[in-house]
Structure formats: C-alpha cells, structure tokens
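Colleague: Here you go, one structure.
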Amino acid sequence: MRLRSLLFVPGDSERKFAKGRSAGADVLILDLEDAVAPSMKAAARDLVAGWLCEADDVEASLFVRVNPLDTSLTTDDLAAVVRPGLAGILVPKANGAHDIATIAGMIDPLEAAAGMAPGAVKIMVVATETPQAMFALGSYTPAHPRLIGLTWGAEDLAAAIGATDNKEPDGQWTEPYRFARSLCLFASASAGVVPVDTLYADFRDGAGLEADCRRARRDGFLGRIAIHPDQVDTINRCFTPSDEEVAHARRIVDAFAANPDAGTLGIDGKMVDIPHLKAALKTLAAVGETV
C-alpha cells in the first residue's frame, strides 16, 4: 500500500468525496473527526459506510479517521466502517502504542464478523497531537502488526500546550513543532513504518507546498497529507524519485550484488558504502521495484 499522498475528505460531503476520488491520491482519508460537526457524526458514518461499498471503483485506498479514544464515539465509528473496502484507520490524538493495541483489539472482532482477512485493516497514527504523546513516540517500536505509518500534527498540540502560534513570520515551524516533526520521523524509522509529513495549510500556495515537500523528502519523509485535491499532483511529484535517482539506485544495488563481499565501492566517480545501499533499496521500493 503506497502512502505517498493522502487526501482528507470530510465524511459528510458527497461533493467532496466525488471530487477527491478523481484527484489521483494514493489514499483518501474519509474524516469522521475534525471535519464533521458533532450534530453530523451519525449521518457522516452512514455516508462513509456507503462510500466504502464503492471501494472497487476508487483507485485510491480508503482510510477512515475515527474520533479519538477519549470520546464516546470511537466504538460506533469502527462498528460502522470496518467492512470490505476499508484499507485502514487513521487514529488521531493517540497517546502511544497502548492506544493502537486498544484500537486493534476493537477491530479484530469487527473484521472477523465482516468476513475480512485477519489484519486486513491497517492502522496509521497521528502521533504528536497531545503532550503525553511526545513522551511515548518510542513505544511504537516494535511496531504492532497493523501499524503501517506515523504522521504528526501541530494544531491540536499547539492548543494543548497553550501556544499563541506555531509558525515563524517566514512560515517555518517554531521550535516545539520542529521537534515534534523530527521525533515523528525518528519514531517511524525505529518502528520500520512509513513517515508521512503533516498537511500544508495554505492550499493556494503551490510554490510553497512544493518547496516544503522537497525539504520533507530530503529529510526522510515518504509522503504527505493533503487537504485539497489541488495539492495532490505536487505531493505525488515531489515524493516520487526521478528517473535519474532510480537509475543511480539501480547502479548501486547492481554493483553490490556483483560484489557481495565489498563494503565500499566506486559508483559514478564517488565512493558508496552500505548506508548508500540501504538508501538505494528504499528508492527502488518507492517506485515498486523489489530486489
């Protein structure tokens, strides 16, 4: 399952689902949480359940962002959406791996009752939205069998700690949120799951989005959340290795395959070693090549 571009779709909007399904995103996140007013939660569940029945006609994988465990809504959310067509659950405001174990335990019987293969429903976590979560990022290692990715969020964290803003005048994150972003990246690598960068709020700023995506990929993120269909093409382009990168990665992999006892080799006039081989393998995996 590719987690390069993940587009939020409000769970109470047929129009936005229709638009989102043609956006080219790898994943559509059908949102039952922040995008849906309390009075619309039940209706949104019904809509999302119906959309999941259309999964065979949607190129994207379908995830659902449920309401947090500290609400009274999670059980009903899962009961409505764990059915064929559901690829994954996005868990918001998680405080650590114990929350993932709880969610997974709730999914298990629903998955079986729906006739789905055990473990078919994957879990992705918004891992930095509470102060407690910041001290628990290491708990995702070893990864739960359902866990496939971690992302991070700044808005709820800012509200929780009483920040008046989370951005510098130039638009860059302030120090607490740079810290959260970095810890999410390290936690993902430690757990062996996909690191996904948070959303870029100004959906009209295509140039800013592209620059920020390129920084994110440089740092190690493999995908990004989108809040508007117009952002998807830019995210897909930025997180897809170029033909030159893929060709270079193949040369590294082929060279080490031809010299299995070597620790260092010369490729394209530069010395490469085992960390470069690991990076090359990740590049090839990003375009669906297995070695």
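Order determines the names: the first chain of the structure tokens is A, the second B, and so forth; residues in each chain are numbered 1 upward, and ligands are numbered 1 upward as they are shown.
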So which residues touch range 128-145 of chain A within 12 Å, counting only C-alpha atoms, skipping near sequence neighbours fewer than 6 positions away, as number ranges by chain?
Modeller: A: 68, 70, 91-105, 118-122, 151-162, 176-194, 197-198
Colleague: Which residues, written as a PyMOL selection string, have at least one atom at most 9 Å from Leu32 in chain A, with only C-alpha atoms counted and residues fewer than 5 positions away on the same chain left out?
Modeller: chain A and resi 10-12+37+41+44-45+48+64-67+77
Colleague: Go ahead and write the selection's residues with N, CA and C atoms as an mmCIF file, in the first residue's frame.
Modeller:
```cif
data_model
loop_
_atom_site.group_PDB
_atom_site.id
_atom_site.type_symbol
_atom_site.label_atom_id
_atom_site.label_comp_id
_atom_site.auth_asym_id
_atom_site.auth_seq_id
_atom_site.Cartn_x
_atom_site.Cartn_y
_atom_site.Cartn_z
ATOM 1 N N PRO A 10 -13.936 15.264 3.927
ATOM 2 C CA PRO A 10 -14.927 15.326 5.003
ATOM 3 C C PRO A 10 -15.972 14.228 4.847
ATOM 4 N N GLY A 11 -16.255 13.549 5.948
ATOM 5 C CA GLY A 11 -17.162 12.411 5.880
ATOM 6 C C GLY A 11 -18.619 12.765 5.682
ATOM 7 N N ASP A 12 -18.933 14.049 5.642
ATOM 8 C CA ASP A 12 -20.331 14.451 5.462
ATOM 9 C C ASP A 12 -20.576 15.167 4.140
ATOM 10 N N ALA A 37 -19.114 18.207 12.125
ATOM 11 C CA ALA A 37 -19.715 18.788 13.326
ATOM 12 C C ALA A 37 -20.354 17.695 14.176
ATOM 13 N N LYS A 41 -22.253 13.668 13.076
ATOM 14 C CA LYS A 41 -21.415 12.476 13.187
ATOM 15 C C LYS A 41 -22.141 11.217 12.714
ATOM 16 N N ALA A 44 -22.645 11.194 8.992
ATOM 17 C CA ALA A 44 -21.368 11.005 8.303
ATOM 18 C C ALA A 44 -20.944 9.539 8.317
ATOM 19 N N ARG A 45 -21.159 8.852 9.432
ATOM 20 C CA ARG A 45 -20.845 7.419 9.482
ATOM 21 C C ARG A 45 -21.590 6.664 8.388
ATOM 22 N N VAL A 48 -20.035 7.470 4.957
ATOM 23 C CA VAL A 48 -18.732 6.830 4.773
ATOM 24 C C VAL A 48 -18.896 5.330 4.568
ATOM 25 N N VAL A 64 -10.231 5.656 7.078
ATOM 26 C CA VAL A 64 -11.180 6.469 7.833
ATOM 27 C C VAL A 64 -10.470 7.024 9.062
ATOM 28 N N ARG A 65 -10.563 8.351 9.254
ATOM 29 C CA ARG A 65 -10.101 8.926 10.520
ATOM 30 C C ARG A 65 -11.273 8.880 11.485
ATOM 31 N N VAL A 66 -11.132 8.064 12.524
ATOM 32 C CA VAL A 66 -12.166 7.944 13.538
ATOM 33 C C VAL A 66 -11.979 9.032 14.582
ATOM 34 N N ASN A 67 -12.942 9.141 15.467
ATOM 35 C CA ASN A 67 -12.827 10.067 16.581
ATOM 36 C C ASN A 67 -11.924 9.474 17.662
ATOM 37 N N ASP A 77 -17.922 4.536 15.518
ATOM 38 C CA ASP A 77 -17.216 4.781 14.256
ATOM 39 C C ASP A 77 -16.716 3.462 13.659
#
```
Colleague: Just give me the gap between CA of Arg237 in chain A and CA of Leu222 in chain A in Å, one decimal is fine.
Modeller: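 The value is 11.7 Å.
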Colleague: Which residues, written as an mmCIF file with C-alpha atoms, in the first residue's frame, have at least one atom at most 12 Å from range 201-206 of chain A, with only C-alpha atoms counted and residues fewer than 6 positions away on the same chain left out?
Modeller:
```
data_model
loop_
_atom_site.group_PDB
_atom_site.id
_atom_site.type_symbol
_atom_site.label_atom_id
_atom_site.label_comp_id
_atom_site.auth_asym_id
_atom_site.auth_seq_id
_atom_site.Cartn_x
_atom_site.Cartn_y
_atom_site.Cartn_z
ATOM 1 C CA GLY A 153 0.081 17.217 13.734
ATOM 2 C CA ALA A 154 0.647 20.691 15.115
ATOM 3 C CA GLU A 155 -2.732 22.364 15.611
ATOM 4 C CA LYS A 167 4.756 29.352 12.842
ATOM 5 C CA GLY A 171 6.093 30.439 7.690
ATOM 6 C CA ASP A 212 8.202 22.241 1.698
ATOM 7 C CA CYS A 213 7.618 18.791 0.168
ATOM 8 C CA ARG A 224 2.379 13.887 2.822
ATOM 9 C CA ILE A 225 -1.193 14.636 3.832
ATOM 10 C CA ALA A 226 -3.227 16.888 1.531
ATOM 11 C CA ILE A 227 -6.220 18.974 2.494
ATOM 12 C CA HIS A 228 -7.252 19.956 -1.039
ATOM 13 C CA PRO A 229 -7.308 17.982 -4.299
ATOM 14 C CA ASP A 230 -5.153 20.635 -5.977
ATOM 15 C CA GLN A 231 -2.256 19.676 -3.686
ATOM 16 C CA VAL A 232 -2.129 16.020 -4.747
ATOM 17 C CA ASP A 233 -0.227 16.358 -8.024
ATOM 18 C CA THR A 234 2.524 18.385 -6.354
ATOM 19 C CA ILE A 235 2.839 15.899 -3.489
ATOM 20 C CA CYS A 238 7.815 15.612 -5.058
#
```
Colleague: Step one, run DSSP on the backbone; step two, keep only residues of range 87-147 of chain A assigned to helix (DSSP H, G or I); then write them as a PDB file with C-alpha atoms, in the first residue's frame.
Modeller:
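Just written: selection_24.pdb:
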```pdb
ATOM      1  CA  ALA A  97       1.262   2.323  21.329  1.00  0.00           C
ATOM      2  CA  HIS A  98      -1.210   1.231  24.028  1.00  0.00           C
ATOM      3  CA  ASP A  99      -3.892   3.208  22.178  1.00  0.00           C
ATOM      4  CA  ILE A 100      -3.057   1.307  18.997  1.00  0.00           C
ATOM      5  CA  ALA A 101      -3.374  -2.006  20.825  1.00  0.00           C
ATOM      6  CA  THR A 102      -6.786  -0.884  22.083  1.00  0.00           C
ATOM      7  CA  ILE A 103      -7.974   0.128  18.610  1.00  0.00           C
ATOM      8  CA  ALA A 104      -6.624  -3.100  17.116  1.00  0.00           C
ATOM      9  CA  GLY A 105      -8.495  -5.108  19.750  1.00  0.00           C
ATOM     10  CA  MET A 106     -11.692  -3.326  18.765  1.00  0.00           C
ATOM     11  CA  ILE A 107     -11.079  -4.010  15.068  1.00  0.00           C
ATOM     12  CA  ASP A 108     -10.365  -7.734  15.453  1.00  0.00           C
ATOM     13  CA  PRO A 109     -13.958  -8.974  16.045  1.00  0.00           C
ATOM     14  CA  LEU A 110     -15.462  -6.454  13.614  1.00  0.00           C
ATOM     15  CA  GLU A 111     -13.088  -7.585  10.880  1.00  0.00           C
ATOM     16  CA  ALA A 112     -13.967 -11.240  11.510  1.00  0.00           C
ATOM     17  CA  ALA A 113     -17.698 -10.506  11.541  1.00  0.00           C
ATOM     18  CA  PRO A 131       1.694  16.420  25.291  1.00  0.00           C
ATOM     19  CA  GLN A 132       1.640  12.812  26.557  1.00  0.00           C
ATOM     20  CA  ALA A 133       2.265  11.558  23.025  1.00  0.00           C
ATOM     21  CA  MET A 134       5.565  13.398  22.835  1.00  0.00           C
ATOM     22  CA  LEU A 137       6.932   8.001  20.433  1.00  0.00           C
ATOM     23  CA  GLY A 138       9.417   5.266  21.219  1.00  0.00           C
ATOM     24  CA  SER A 139       6.564   2.984  22.278  1.00  0.00           C
ATOM     25  CA  TYR A 140       5.664   2.286  18.639  1.00  0.00           C
TER      26      TYR A 140
END
```
Colleague: My list of candidates is A:Ala23, A:Val253, A:Met124, A:Leu30. Which is closest to Val9 in chain A when distances are computed with only C-alpha atoms?
Modeller: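 Among A:Ala23, A:Val253, A:Met124, A:Leu30, it is A:Leu30 that comes nearest to Val9 in chain A.
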